[in-house]
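Shown here: target_3.pdb, PDB, C-alpha atoms.
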```pdb
MODEL        1
ATOM      1  CA  MET G 122     -80.195 -68.691 224.662
ATOM      2  CA  ARG G 123     -78.600 -71.233 222.346
ATOM      3  CA  ALA G 124     -79.988 -71.095 218.837
ATOM      4  CA  ARG G 125     -79.410 -72.849 215.580
ATOM      5  CA  VAL G 126     -80.078 -71.141 212.261
ATOM      6  CA  LEU G 127     -80.583 -73.358 209.221
ATOM      7  CA  VAL G 128     -80.025 -71.652 205.888
ATOM      8  CA  ARG G 129     -80.979 -73.418 202.667
ATOM      9  CA  PRO G 130     -81.203 -72.477 199.002
ATOM     10  CA  LYS G 131     -84.693 -71.351 198.016
ATOM     11  CA  ALA G 132     -86.819 -73.946 196.290
ATOM     12  CA  GLY G 133     -86.444 -73.742 192.530
ATOM     13  CA  ILE G 134     -82.921 -72.326 192.552
ATOM     14  CA  LEU G 135     -80.472 -74.687 190.900
ATOM     15  CA  ASP G 136     -78.301 -76.267 193.605
ATOM     16  CA  PRO G 137     -75.305 -77.881 191.881
ATOM     17  CA  GLN G 138     -73.748 -78.909 195.217
ATOM     18  CA  GLY G 139     -76.856 -80.858 196.137
ATOM     19  CA  GLN G 140     -76.930 -82.430 192.674
ATOM     20  CA  ALA G 141     -73.276 -83.477 192.900
ATOM     21  CA  VAL G 142     -73.873 -85.192 196.240
ATOM     22  CA  GLU G 143     -77.060 -86.799 194.936
ATOM     23  CA  ARG G 144     -75.087 -88.267 192.029
ATOM     24  CA  ALA G 145     -72.252 -89.417 194.287
ATOM     25  CA  LEU G 146     -74.360 -91.449 196.714
ATOM     26  CA  PRO G 147     -75.454 -94.161 194.246
ATOM     27  CA  ALA G 148     -71.797 -94.663 193.353
ATOM     28  CA  LEU G 149     -71.297 -95.756 196.974
ATOM     29  CA  GLY G 150     -74.221 -98.145 196.743
ATOM     30  CA  PHE G 151     -76.840 -95.900 198.383
ATOM     31  CA  SER G 152     -79.827 -95.913 196.075
ATOM     32  CA  GLY G 153     -83.190 -94.229 196.509
ATOM     33  CA  VAL G 154     -81.853 -90.797 197.473
ATOM     34  CA  ARG G 155     -83.611 -87.761 196.028
ATOM     35  CA  ASN G 156     -83.864 -83.990 196.455
ATOM     36  CA  VAL G 157     -80.486 -83.426 198.090
ATOM     37  CA  HIS G 158     -79.905 -79.783 198.994
ATOM     38  CA  ILE G 159     -76.946 -78.267 200.767
ATOM     39  CA  GLY G 160     -77.236 -75.303 203.079
ATOM     40  CA  ARG G 161     -75.501 -73.855 206.089
ATOM     41  CA  LEU G 162     -75.816 -74.381 209.830
ATOM     42  CA  ILE G 163     -75.078 -71.464 212.147
ATOM     43  CA  GLU G 164     -75.042 -72.010 215.912
ATOM     44  CA  LEU G 165     -75.005 -69.075 218.253
ATOM     45  CA  ASP G 166     -75.636 -67.979 221.809
ATOM     46  CA  VAL G 167     -77.838 -64.924 221.846
ATOM     47  CA  ASP G 168     -79.062 -62.781 224.745
ATOM     48  CA  ASP G 169     -82.305 -61.791 223.047
ATOM     49  CA  PRO G 170     -83.689 -64.342 220.581
ATOM     50  CA  ALA G 171     -86.203 -61.748 219.411
ATOM     51  CA  HIS G 172     -83.349 -60.294 217.358
ATOM     52  CA  LEU G 173     -82.762 -63.533 215.460
ATOM     53  CA  PRO G 174     -85.173 -62.934 212.545
ATOM     54  CA  GLU G 175     -83.597 -59.552 211.841
ATOM     55  CA  MET G 176     -80.099 -61.074 212.043
ATOM     56  CA  CYS G 177     -81.203 -63.668 209.512
ATOM     57  CA  GLU G 178     -82.718 -61.094 207.155
ATOM     58  CA  LYS G 179     -79.759 -58.736 207.311
ATOM     59  CA  LEU G 180     -76.739 -60.996 207.436
ATOM     60  CA  LEU G 181     -77.081 -64.701 208.166
ATOM     61  CA  SER G 182     -79.062 -65.351 204.979
ATOM     62  CA  ASN G 183     -79.629 -63.549 201.707
ATOM     63  CA  PRO G 184     -83.446 -63.559 201.474
ATOM     64  CA  LEU G 185     -83.330 -63.317 197.668
ATOM     65  CA  ILE G 186     -81.699 -66.728 197.311
ATOM     66  CA  GLU G 187     -82.046 -68.467 200.689
ATOM     67  CA  ASP G 188     -84.672 -69.462 203.251
ATOM     68  CA  TYR G 189     -83.828 -69.622 206.925
ATOM     69  CA  GLU G 190     -85.230 -71.497 209.875
ATOM     70  CA  ILE G 191     -84.538 -70.651 213.505
ATOM     71  CA  VAL G 192     -84.364 -73.489 216.016
ATOM     72  CA  GLU G 193     -83.956 -72.585 219.678
ATOM     73  CA  THR G 194     -82.007 -75.424 221.248
ATOM     74  CA  ALA G 195     -81.711 -74.473 224.923
TER
ATOM     75  CA  MET V 111     -61.043 -36.873 187.303
ATOM     76  CA  LYS V 112     -60.129 -39.045 190.268
ATOM     77  CA  PHE V 113     -61.131 -42.685 190.802
ATOM     78  CA  GLY V 114     -61.216 -44.165 194.300
ATOM     79  CA  ILE V 115     -60.563 -47.887 194.643
ATOM     80  CA  VAL V 116     -61.942 -49.491 197.803
ATOM     81  CA  ARG V 117     -59.476 -51.862 199.445
ATOM     82  CA  PHE V 118     -60.902 -54.420 201.883
ATOM     83  CA  PRO V 119     -58.893 -56.978 203.808
ATOM     84  CA  GLY V 120     -58.797 -59.755 201.210
ATOM     85  CA  SER V 121     -59.087 -57.593 198.097
ATOM     86  CA  CYS V 122     -56.614 -58.769 195.476
ATOM     87  CA  ASP V 123     -57.457 -56.903 192.257
ATOM     88  CA  ASP V 124     -57.273 -53.483 193.894
ATOM     89  CA  VAL V 125     -53.864 -52.617 192.466
ATOM     90  CA  ASP V 126     -54.786 -53.717 188.939
ATOM     91  CA  ALA V 127     -57.938 -51.592 189.207
ATOM     92  CA  LEU V 128     -55.840 -48.631 190.363
ATOM     93  CA  LEU V 129     -53.376 -49.057 187.491
ATOM     94  CA  ALA V 130     -56.207 -49.421 184.972
ATOM     95  CA  ALA V 131     -57.916 -46.280 186.273
ATOM     96  CA  GLU V 132     -54.607 -44.401 186.128
ATOM     97  CA  ARG V 133     -54.508 -45.043 182.379
ATOM     98  CA  VAL V 134     -57.483 -42.721 181.966
ATOM     99  CA  GLY V 135     -57.294 -40.424 185.005
ATOM    100  CA  ASP V 136     -56.032 -40.036 188.555
ATOM    101  CA  ALA V 137     -56.682 -42.747 191.094
ATOM    102  CA  THR V 138     -56.286 -43.290 194.793
ATOM    103  CA  MET V 139     -56.807 -46.186 197.189
ATOM    104  CA  LEU V 140     -59.623 -45.987 199.772
ATOM    105  CA  TRP V 141     -59.455 -48.075 202.955
ATOM    106  CA  HIS V 142     -62.421 -50.155 204.128
ATOM    107  CA  ALA V 143     -62.452 -48.446 207.531
ATOM    108  CA  ASP V 144     -62.553 -44.935 206.013
ATOM    109  CA  ARG V 145     -65.635 -42.825 206.548
ATOM    110  CA  ASP V 146     -64.518 -40.409 203.853
ATOM    111  CA  LEU V 147     -64.187 -40.871 200.095
ATOM    112  CA  HIS V 148     -61.482 -38.179 199.920
ATOM    113  CA  GLY V 149     -63.166 -36.219 197.165
ATOM    114  CA  VAL V 150     -63.042 -38.880 194.459
ATOM    115  CA  ASP V 151     -65.294 -38.517 191.414
ATOM    116  CA  ALA V 152     -66.038 -42.230 190.952
ATOM    117  CA  VAL V 153     -65.659 -45.346 193.071
ATOM    118  CA  ILE V 154     -64.478 -48.814 192.037
ATOM    119  CA  VAL V 155     -65.154 -51.802 194.300
ATOM    120  CA  PRO V 156     -62.541 -54.291 193.094
ATOM    121  CA  GLY V 157     -62.253 -58.057 192.911
ATOM    122  CA  GLY V 158     -60.850 -60.412 195.495
ATOM    123  CA  PHE V 159     -62.096 -62.093 198.634
ATOM    124  CA  SER V 160     -63.216 -59.270 200.912
ATOM    125  CA  TYR V 161     -63.175 -60.387 204.555
ATOM    126  CA  GLY V 162     -62.357 -63.871 203.299
ATOM    127  CA  ASP V 163     -65.790 -64.087 201.646
ATOM    128  CA  TYR V 164     -66.927 -65.624 204.943
ATOM    129  CA  LEU V 165     -70.615 -66.541 205.122
ATOM    130  CA  ARG V 166     -71.309 -65.492 201.489
ATOM    131  CA  ALA V 167     -69.194 -63.615 198.969
ATOM    132  CA  GLY V 168     -69.535 -59.914 199.755
ATOM    133  CA  ALA V 169     -71.809 -60.429 202.767
ATOM    134  CA  ILE V 170     -69.482 -58.969 205.394
ATOM    135  CA  ALA V 171     -67.877 -56.287 203.230
ATOM    136  CA  ARG V 172     -71.198 -54.538 202.724
ATOM    137  CA  PHE V 173     -71.094 -53.532 206.402
ATOM    138  CA  ALA V 174     -67.647 -51.914 206.165
ATOM    139  CA  PRO V 175     -67.699 -48.250 207.229
ATOM    140  CA  VAL V 176     -66.622 -47.112 203.760
ATOM    141  CA  MET V 177     -69.651 -48.828 202.216
ATOM    142  CA  GLU V 178     -71.993 -46.426 204.003
ATOM    143  CA  GLU V 179     -70.178 -43.618 202.220
ATOM    144  CA  VAL V 180     -70.280 -45.506 198.932
ATOM    145  CA  ALA V 181     -74.042 -46.024 199.307
ATOM    146  CA  GLU V 182     -74.556 -42.317 199.949
ATOM    147  CA  PHE V 183     -72.251 -41.486 197.020
ATOM    148  CA  ALA V 184     -74.388 -43.731 194.809
ATOM    149  CA  ARG V 185     -77.606 -42.145 196.075
ATOM    150  CA  THR V 186     -76.380 -38.761 194.887
ATOM    151  CA  GLY V 187     -75.951 -40.150 191.366
ATOM    152  CA  SER V 188     -72.173 -40.575 191.347
ATOM    153  CA  LEU V 189     -70.618 -43.504 189.476
ATOM    154  CA  VAL V 190     -69.867 -46.755 191.301
ATOM    155  CA  LEU V 191     -68.343 -49.732 189.480
ATOM    156  CA  GLY V 192     -68.198 -53.188 191.076
ATOM    157  CA  ILE V 193     -65.942 -55.808 189.523
ATOM    158  CA  CYS V 194     -66.300 -59.511 190.419
ATOM    159  CA  ASN V 195     -66.189 -59.540 194.242
ATOM    160  CA  GLY V 196     -67.122 -55.860 194.016
ATOM    161  CA  PHE V 197     -70.236 -56.865 192.044
ATOM    162  CA  GLN V 198     -71.072 -59.371 194.784
ATOM    163  CA  VAL V 199     -70.598 -56.692 197.447
ATOM    164  CA  LEU V 200     -72.875 -54.228 195.622
ATOM    165  CA  CYS V 201     -75.585 -56.897 195.244
ATOM    166  CA  GLU V 202     -75.343 -57.819 198.935
ATOM    167  CA  ALA V 203     -75.551 -54.118 199.794
ATOM    168  CA  GLY V 204     -78.743 -53.761 197.774
ATOM    169  CA  LEU V 205     -77.148 -51.208 195.456
ATOM    170  CA  LEU V 206     -77.615 -53.613 192.541
ATOM    171  CA  PRO V 207     -80.415 -56.097 191.887
ATOM    172  CA  GLY V 208     -79.926 -59.863 192.093
ATOM    173  CA  ALA V 209     -77.276 -62.121 193.591
ATOM    174  CA  LEU V 210     -74.266 -64.186 192.524
ATOM    175  CA  LEU V 211     -74.405 -67.951 193.135
ATOM    176  CA  PRO V 212     -71.718 -70.638 192.828
ATOM    177  CA  ASN V 213     -70.898 -71.524 189.222
ATOM    178  CA  VAL V 214     -73.047 -74.362 187.900
ATOM    179  CA  SER V 215     -69.821 -76.308 187.240
ATOM    180  CA  LEU V 216     -68.790 -75.799 190.892
ATOM    181  CA  ARG V 217     -65.370 -75.041 189.438
ATOM    182  CA  PHE V 218     -63.204 -71.963 189.404
ATOM    183  CA  VAL V 219     -63.217 -70.593 185.855
ATOM    184  CA  CYS V 220     -60.420 -68.465 184.455
ATOM    185  CA  ARG V 221     -60.682 -67.665 180.774
ATOM    186  CA  GLN V 222     -61.040 -64.932 178.194
ATOM    187  CA  VAL V 223     -64.682 -64.392 177.178
ATOM    188  CA  ASP V 224     -66.442 -62.264 174.596
ATOM    189  CA  LEU V 225     -69.051 -59.883 175.953
ATOM    190  CA  ASP V 226     -71.837 -58.424 173.873
ATOM    191  CA  VAL V 227     -72.449 -54.793 174.719
ATOM    192  CA  GLU V 228     -76.192 -54.836 175.161
ATOM    193  CA  ARG V 229     -76.416 -51.087 175.560
ATOM    194  CA  ALA V 230     -73.728 -48.694 174.379
ATOM    195  CA  GLY V 231     -74.058 -45.039 175.383
ATOM    196  CA  THR V 232     -74.580 -45.596 179.120
ATOM    197  CA  PRO V 233     -72.222 -44.015 181.697
ATOM    198  CA  PHE V 234     -70.234 -47.276 181.739
ATOM    199  CA  THR V 235     -70.383 -48.212 178.042
ATOM    200  CA  ARG V 236     -70.393 -44.913 176.145
ATOM    201  CA  ALA V 237     -66.817 -45.460 174.955
ATOM    202  CA  CYS V 238     -67.693 -48.944 173.642
ATOM    203  CA  GLU V 239     -68.387 -49.457 169.977
ATOM    204  CA  PRO V 240     -71.876 -50.793 169.469
ATOM    205  CA  ASP V 241     -71.926 -54.235 167.818
ATOM    206  CA  ARG V 242     -68.301 -54.997 168.707
ATOM    207  CA  PRO V 243     -67.885 -57.546 171.523
ATOM    208  CA  LEU V 244     -65.371 -56.921 174.302
ATOM    209  CA  SER V 245     -62.738 -59.569 174.995
ATOM    210  CA  ILE V 246     -62.253 -59.594 178.762
ATOM    211  CA  PRO V 247     -61.229 -62.360 181.203
ATOM    212  CA  VAL V 248     -63.388 -63.902 183.914
ATOM    213  CA  LYS V 249     -61.918 -65.598 186.985
ATOM    214  CA  HIS V 250     -64.322 -66.640 189.692
ATOM    215  CA  THR V 251     -66.101 -69.484 191.472
ATOM    216  CA  THR V 252     -69.226 -67.576 192.477
ATOM    217  CA  GLY V 253     -70.377 -65.771 189.356
ATOM    218  CA  ARG V 254     -73.755 -67.200 188.399
ATOM    219  CA  TYR V 255     -76.028 -64.193 188.157
ATOM    220  CA  TYR V 256     -79.458 -64.866 189.574
ATOM    221  CA  ALA V 257     -82.650 -62.919 190.026
ATOM    222  CA  PRO V 258     -86.230 -64.203 190.084
ATOM    223  CA  GLU V 259     -87.800 -64.406 186.604
ATOM    224  CA  PRO V 260     -90.140 -61.398 187.032
ATOM    225  CA  ASP V 261     -87.170 -59.326 188.226
ATOM    226  CA  LEU V 262     -85.164 -60.403 185.172
ATOM    227  CA  ASP V 263     -88.031 -59.336 182.911
ATOM    228  CA  ALA V 264     -88.121 -55.969 184.666
ATOM    229  CA  LEU V 265     -84.330 -55.548 184.351
ATOM    230  CA  GLU V 266     -84.454 -56.279 180.640
ATOM    231  CA  ALA V 267     -87.416 -53.959 180.098
ATOM    232  CA  ALA V 268     -85.653 -51.143 181.945
ATOM    233  CA  GLY V 269     -82.448 -51.627 179.945
ATOM    234  CA  GLN V 270     -80.374 -52.532 183.000
ATOM    235  CA  VAL V 271     -78.572 -55.446 181.359
ATOM    236  CA  LEU V 272     -75.471 -53.788 179.907
ATOM    237  CA  LEU V 273     -73.253 -56.788 179.139
ATOM    238  CA  ARG V 274     -74.044 -60.358 178.169
ATOM    239  CA  TYR V 275     -71.736 -63.315 177.578
ATOM    240  CA  ALA V 276     -71.579 -63.954 173.838
ATOM    241  CA  PRO V 277     -73.668 -66.950 172.707
ATOM    242  CA  GLY V 278     -72.123 -70.205 173.901
ATOM    243  CA  GLN V 279     -69.622 -68.493 176.223
ATOM    244  CA  ASN V 280     -71.567 -68.262 179.478
ATOM    245  CA  PRO V 281     -68.880 -69.488 181.917
ATOM    246  CA  ASN V 282     -70.993 -69.919 185.054
ATOM    247  CA  GLY V 283     -74.649 -70.553 184.256
ATOM    248  CA  SER V 284     -75.759 -66.935 184.705
ATOM    249  CA  ALA V 285     -79.431 -66.303 184.036
ATOM    250  CA  ARG V 286     -79.976 -65.092 180.460
ATOM    251  CA  ASP V 287     -76.199 -64.935 179.904
ATOM    252  CA  ILE V 288     -76.050 -61.767 182.009
ATOM    253  CA  ALA V 289     -72.486 -60.583 182.670
ATOM    254  CA  GLY V 290     -73.175 -57.073 183.977
ATOM    255  CA  VAL V 291     -76.152 -55.078 185.250
ATOM    256  CA  CYS V 292     -76.725 -51.527 186.403
ATOM    257  CA  ASN V 293     -79.196 -50.081 188.876
ATOM    258  CA  ARG V 294     -82.386 -48.368 187.774
ATOM    259  CA  ALA V 295     -80.753 -44.928 187.832
ATOM    260  CA  GLY V 296     -77.852 -46.195 185.717
ATOM    261  CA  ASN V 297     -75.042 -44.877 187.937
ATOM    262  CA  VAL V 298     -74.102 -48.140 189.674
ATOM    263  CA  PHE V 299     -72.788 -50.998 187.552
ATOM    264  CA  GLY V 300     -71.485 -54.444 188.399
ATOM    265  CA  LEU V 301     -69.908 -57.120 186.239
ATOM    266  CA  MET V 302     -68.191 -60.450 186.834
ATOM    267  CA  PRO V 303     -65.530 -60.116 184.077
ATOM    268  CA  HIS V 304     -62.399 -58.115 184.875
ATOM    269  CA  PRO V 305     -61.946 -55.057 182.646
ATOM    270  CA  GLU V 306     -58.914 -54.043 184.754
ATOM    271  CA  HIS V 307     -57.096 -57.173 183.529
ATOM    272  CA  ALA V 308     -57.670 -56.204 179.883
ATOM    273  CA  VAL V 309     -56.028 -52.813 179.499
ATOM    274  CA  ASP V 310     -52.931 -53.686 177.457
ATOM    275  CA  PRO V 311     -52.562 -55.659 174.214
ATOM    276  CA  LEU V 312     -49.506 -57.265 175.835
ATOM    277  CA  THR V 313     -51.841 -59.384 177.965
ATOM    278  CA  GLY V 314     -54.189 -60.240 175.107
ATOM    279  CA  SER V 315     -56.730 -57.423 174.991
ATOM    280  CA  ALA V 316     -57.162 -53.762 175.836
ATOM    281  CA  ASP V 317     -60.961 -53.888 175.537
ATOM    282  CA  GLY V 318     -61.463 -53.372 179.269
ATOM    283  CA  LEU V 319     -60.186 -49.815 178.988
ATOM    284  CA  SER V 320     -63.434 -48.748 177.347
ATOM    285  CA  ILE V 321     -65.274 -49.220 180.658
ATOM    286  CA  PHE V 322     -62.874 -46.846 182.452
ATOM    287  CA  GLU V 323     -62.874 -44.444 179.503
ATOM    288  CA  SER V 324     -66.665 -44.373 179.595
ATOM    289  CA  MET V 325     -66.617 -43.421 183.268
ATOM    290  CA  ARG V 326     -64.060 -40.689 182.641
ATOM    291  CA  ALA V 327     -66.155 -39.256 179.825
ATOM    292  CA  GLN V 328     -69.283 -39.367 181.984
ATOM    293  CA  VAL V 329     -67.623 -37.629 184.924
ATOM    294  CA  GLY V 330     -66.076 -35.105 182.522
ATOM    295  CA  ASP V 331     -69.565 -34.130 181.357
ATOM    296  CA  ARG V 332     -70.775 -33.771 184.910
ATOM    297  CA  ILE V 333     -67.828 -31.932 186.408
ATOM    298  CA  PRO V 334     -66.196 -29.665 183.801
ATOM    299  CA  ALA V 335     -62.416 -29.724 184.281
TER
ENDMDL
END
```
Let me see the structure of the file written as structure tokens.
Amino acid sequence: MRARVLVRPKAGILDPQGQAVERALPALGFSGVRNVHIGRLIELDVDDPAHLPEMCEKLLSNPLIEDYEIVETA
Amino acid sequence: MKFGIVRFPGSCDDVDALLAAERVGDATMLWHADRDLHGVDAVIVPGGFSYGDYLRAGAIARFAPVMEEVAEFARTGSLVLGICNGFQVLCEAGLLPGALLPNVSLRFVCRQVDLDVERAGTPFTRACEPDRPLSIPVKHTTGRYYAPEPDLDALEAAGQVLLRYAPGQNPNGSARDIAGVCNRAGNVFGLMPHPEHAVDPLTGSADGLSIFESMRAQVGDRIPA
């Protein structure tokens, strides 16, 4: 099973990377961009996708500061 | 009194921590793959980039074999000090509350800061003079202390905030200027500043020694020589 894990900063936690990118885009002429947040994409092949939530809780994300989303791709 | 300093692949302040500890007691290096703390009386998890800080700072190091021993050591009430990356490791391991996020500036900061000793008299601050700030350097990119607001209120109420950046000196955007916190039991302490780099007036300050002296005094009370 091919899976994709999306990890993003929890809502409400200051995300200076997202802010920096949000400020940079207008300088390139792209206006109308809001709420930029930067997270992490982890792709993995896994024999038993039932283990994915536990992997996310224990290692792939830090549940105190990040949310995760599991997308099974194939 | 013997300190054990945990060396991970990627640690870089391990030798300074060893030399600082040797100013107040004996010290030995512990290897990340060890399943034995070799009879040390206190453990220091030093600064650096354990396992390359891959994924998140401290995220991989918490699963090192030696960390199981450190967790058990902490459970029995023994002293564990985490400095910088060591603080991140202890937070990831759940031995300390909260997490460290990238600095608000997104920049590496390296500078001397003043720290207000919020609580003197604890196992890690008993050699500090109350009302006299400590001058200790910080050097990190991921040092913004974070915990949810209700958790911060609980930490403050329980007296777990031991060190705060002096007003106007918060180098990283840490919540409530927090520079160092301990666990509920008070025997595990983590801080972003580097007391091991402030042990000799030659390099600007010897204020960091008081953290190691506090630990020695605490262990001395517990285990009579």
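Non-sequential neighbours of segment 193-195 of chain G (distance at most 9 Å, separation of 5 or more positions within a chain, all atoms listed in the file) are G:Met122, G:Arg123, G:Ala124, G:Arg125, G:Val126, G:Pro170.
Contacts from chain G to chain V at a cut-off of 12 Å (all atoms listed in the file) map to G:Val128, G:Pro130, G:Lys131, G:Ala132, G:Gly133, G:Ile134, G:Leu135, G:Asp136, G:Pro137, G:Gln138, G:Gly139, G:Gln140, G:Ala141, G:Val142, G:Gly160, G:Arg161, G:Leu162, G:Ile163, G:Cys177, G:Glu178, G:Lys179, G:Leu180, G:Leu181, G:Ser182, G:Asn183, G:Pro184, G:Leu185, G:Ile186, G:Glu187.
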Would you write out, as a list in words, every residue that the PyMOL selection byres ((chain V and resi 251) around 8) captures in this file?
-> Pro212, Asn213, Leu216, Arg217, Phe218, Val219, Lys249, His250, Thr252 and Gly253 of chain V
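Of the listed residues (V:Ala143, V:Ala171, V:Val298, V:Leu262), V:Val298 comes nearest to Gly192 of chain V; the distances count all atoms listed in the file.
Separating atom CA of Gly290 of chain V from atom CA of Gly149 of chain V is a distance of 26.6 Å.
Our summary of the geometry notes that atom CA of Arg185 of chain V is positioned 26.6 Å from atom CA of Leu129 of chain V.
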Once the PyMOL selection byres ((chain V and resi 288) around 7) has been applied to the shown file, what residues remain in the selection, as an mmCIF file with C-alpha atoms, in the coordinates of the input?
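Wrote it out as expr.cif, contents follow:
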```
data_model
loop_
_atom_site.group_PDB
_atom_site.id
_atom_site.type_symbol
_atom_site.label_atom_id
_atom_site.label_comp_id
_atom_site.auth_asym_id
_atom_site.auth_seq_id
_atom_site.Cartn_x
_atom_site.Cartn_y
_atom_site.Cartn_z
ATOM 1 C CA TYR V 255 -76.028 -64.193 188.157
ATOM 2 C CA VAL V 271 -78.572 -55.446 181.359
ATOM 3 C CA LEU V 273 -73.253 -56.788 179.139
ATOM 4 C CA ARG V 274 -74.044 -60.358 178.169
ATOM 5 C CA TYR V 275 -71.736 -63.315 177.578
ATOM 6 C CA SER V 284 -75.759 -66.935 184.705
ATOM 7 C CA ALA V 285 -79.431 -66.303 184.036
ATOM 8 C CA ARG V 286 -79.976 -65.092 180.460
ATOM 9 C CA ASP V 287 -76.199 -64.935 179.904
ATOM 10 C CA ALA V 289 -72.486 -60.583 182.670
ATOM 11 C CA GLY V 290 -73.175 -57.073 183.977
#
```
Neighbours of point (-53.9, -37.6, 196.3) within 9 Å, using all atoms listed in the file, written as a PyMOL selection string | chain V and resi 112+136-138+148
Restrict the output to segment 150-169 of chain G and N, CA and C atoms, then write it as a compact mmCIF listing (two decimals), in the first residue's frame.
```txt
# COMPACT_ATOMS: atom_id res chain seq x y z
N GLY G 150 4.28 39.61 -7.77
CA GLY G 150 3.12 40.00 -8.56
C GLY G 150 1.90 39.10 -8.35
N PHE G 151 1.99 38.13 -7.43
CA PHE G 151 0.82 37.29 -7.16
C PHE G 151 0.04 37.88 -5.99
N SER G 152 -1.06 38.50 -6.27
CA SER G 152 -1.85 39.09 -5.19
C SER G 152 -2.98 38.13 -4.83
N GLY G 153 -3.69 38.47 -3.75
CA GLY G 153 -4.85 37.67 -3.38
C GLY G 153 -4.50 36.31 -2.81
N VAL G 154 -3.37 36.19 -2.16
CA VAL G 154 -2.99 34.92 -1.51
C VAL G 154 -3.08 35.09 0.00
N ARG G 155 -3.79 34.18 0.66
CA ARG G 155 -3.97 34.28 2.10
C ARG G 155 -3.76 32.91 2.76
N ASN G 156 -3.56 32.95 4.07
CA ASN G 156 -3.53 31.73 4.89
C ASN G 156 -2.55 30.67 4.36
N VAL G 157 -1.33 31.10 4.10
CA VAL G 157 -0.30 30.16 3.66
C VAL G 157 0.25 29.42 4.88
N HIS G 158 0.28 28.12 4.82
CA HIS G 158 0.87 27.32 5.89
C HIS G 158 1.79 26.27 5.28
N ILE G 159 2.88 26.02 5.95
CA ILE G 159 3.86 25.08 5.43
C ILE G 159 3.97 23.87 6.34
N GLY G 160 3.81 22.71 5.74
CA GLY G 160 3.91 21.46 6.50
C GLY G 160 4.89 20.52 5.85
N ARG G 161 4.61 19.23 5.98
CA ARG G 161 5.56 18.22 5.54
C ARG G 161 4.78 17.11 4.84
N LEU G 162 5.37 16.59 3.78
CA LEU G 162 4.75 15.48 3.05
C LEU G 162 5.63 14.25 3.21
N ILE G 163 5.03 13.16 3.69
CA ILE G 163 5.79 11.92 3.87
C ILE G 163 5.11 10.85 3.01
N GLU G 164 5.86 10.26 2.08
CA GLU G 164 5.32 9.18 1.27
C GLU G 164 5.94 7.87 1.72
N LEU G 165 5.11 6.85 1.80
CA LEU G 165 5.67 5.57 2.24
C LEU G 165 4.86 4.40 1.70
N ASP G 166 5.56 3.28 1.51
CA ASP G 166 4.89 2.02 1.20
C ASP G 166 4.74 1.28 2.52
N VAL G 167 3.55 0.78 2.78
CA VAL G 167 3.32 0.16 4.07
C VAL G 167 2.50 -1.12 3.86
N ASP G 168 2.94 -2.21 4.54
CA ASP G 168 2.24 -3.48 4.37
C ASP G 168 0.83 -3.42 4.97
N ASP G 169 0.74 -2.80 6.15
CA ASP G 169 -0.56 -2.76 6.84
C ASP G 169 -0.94 -1.31 7.15
```
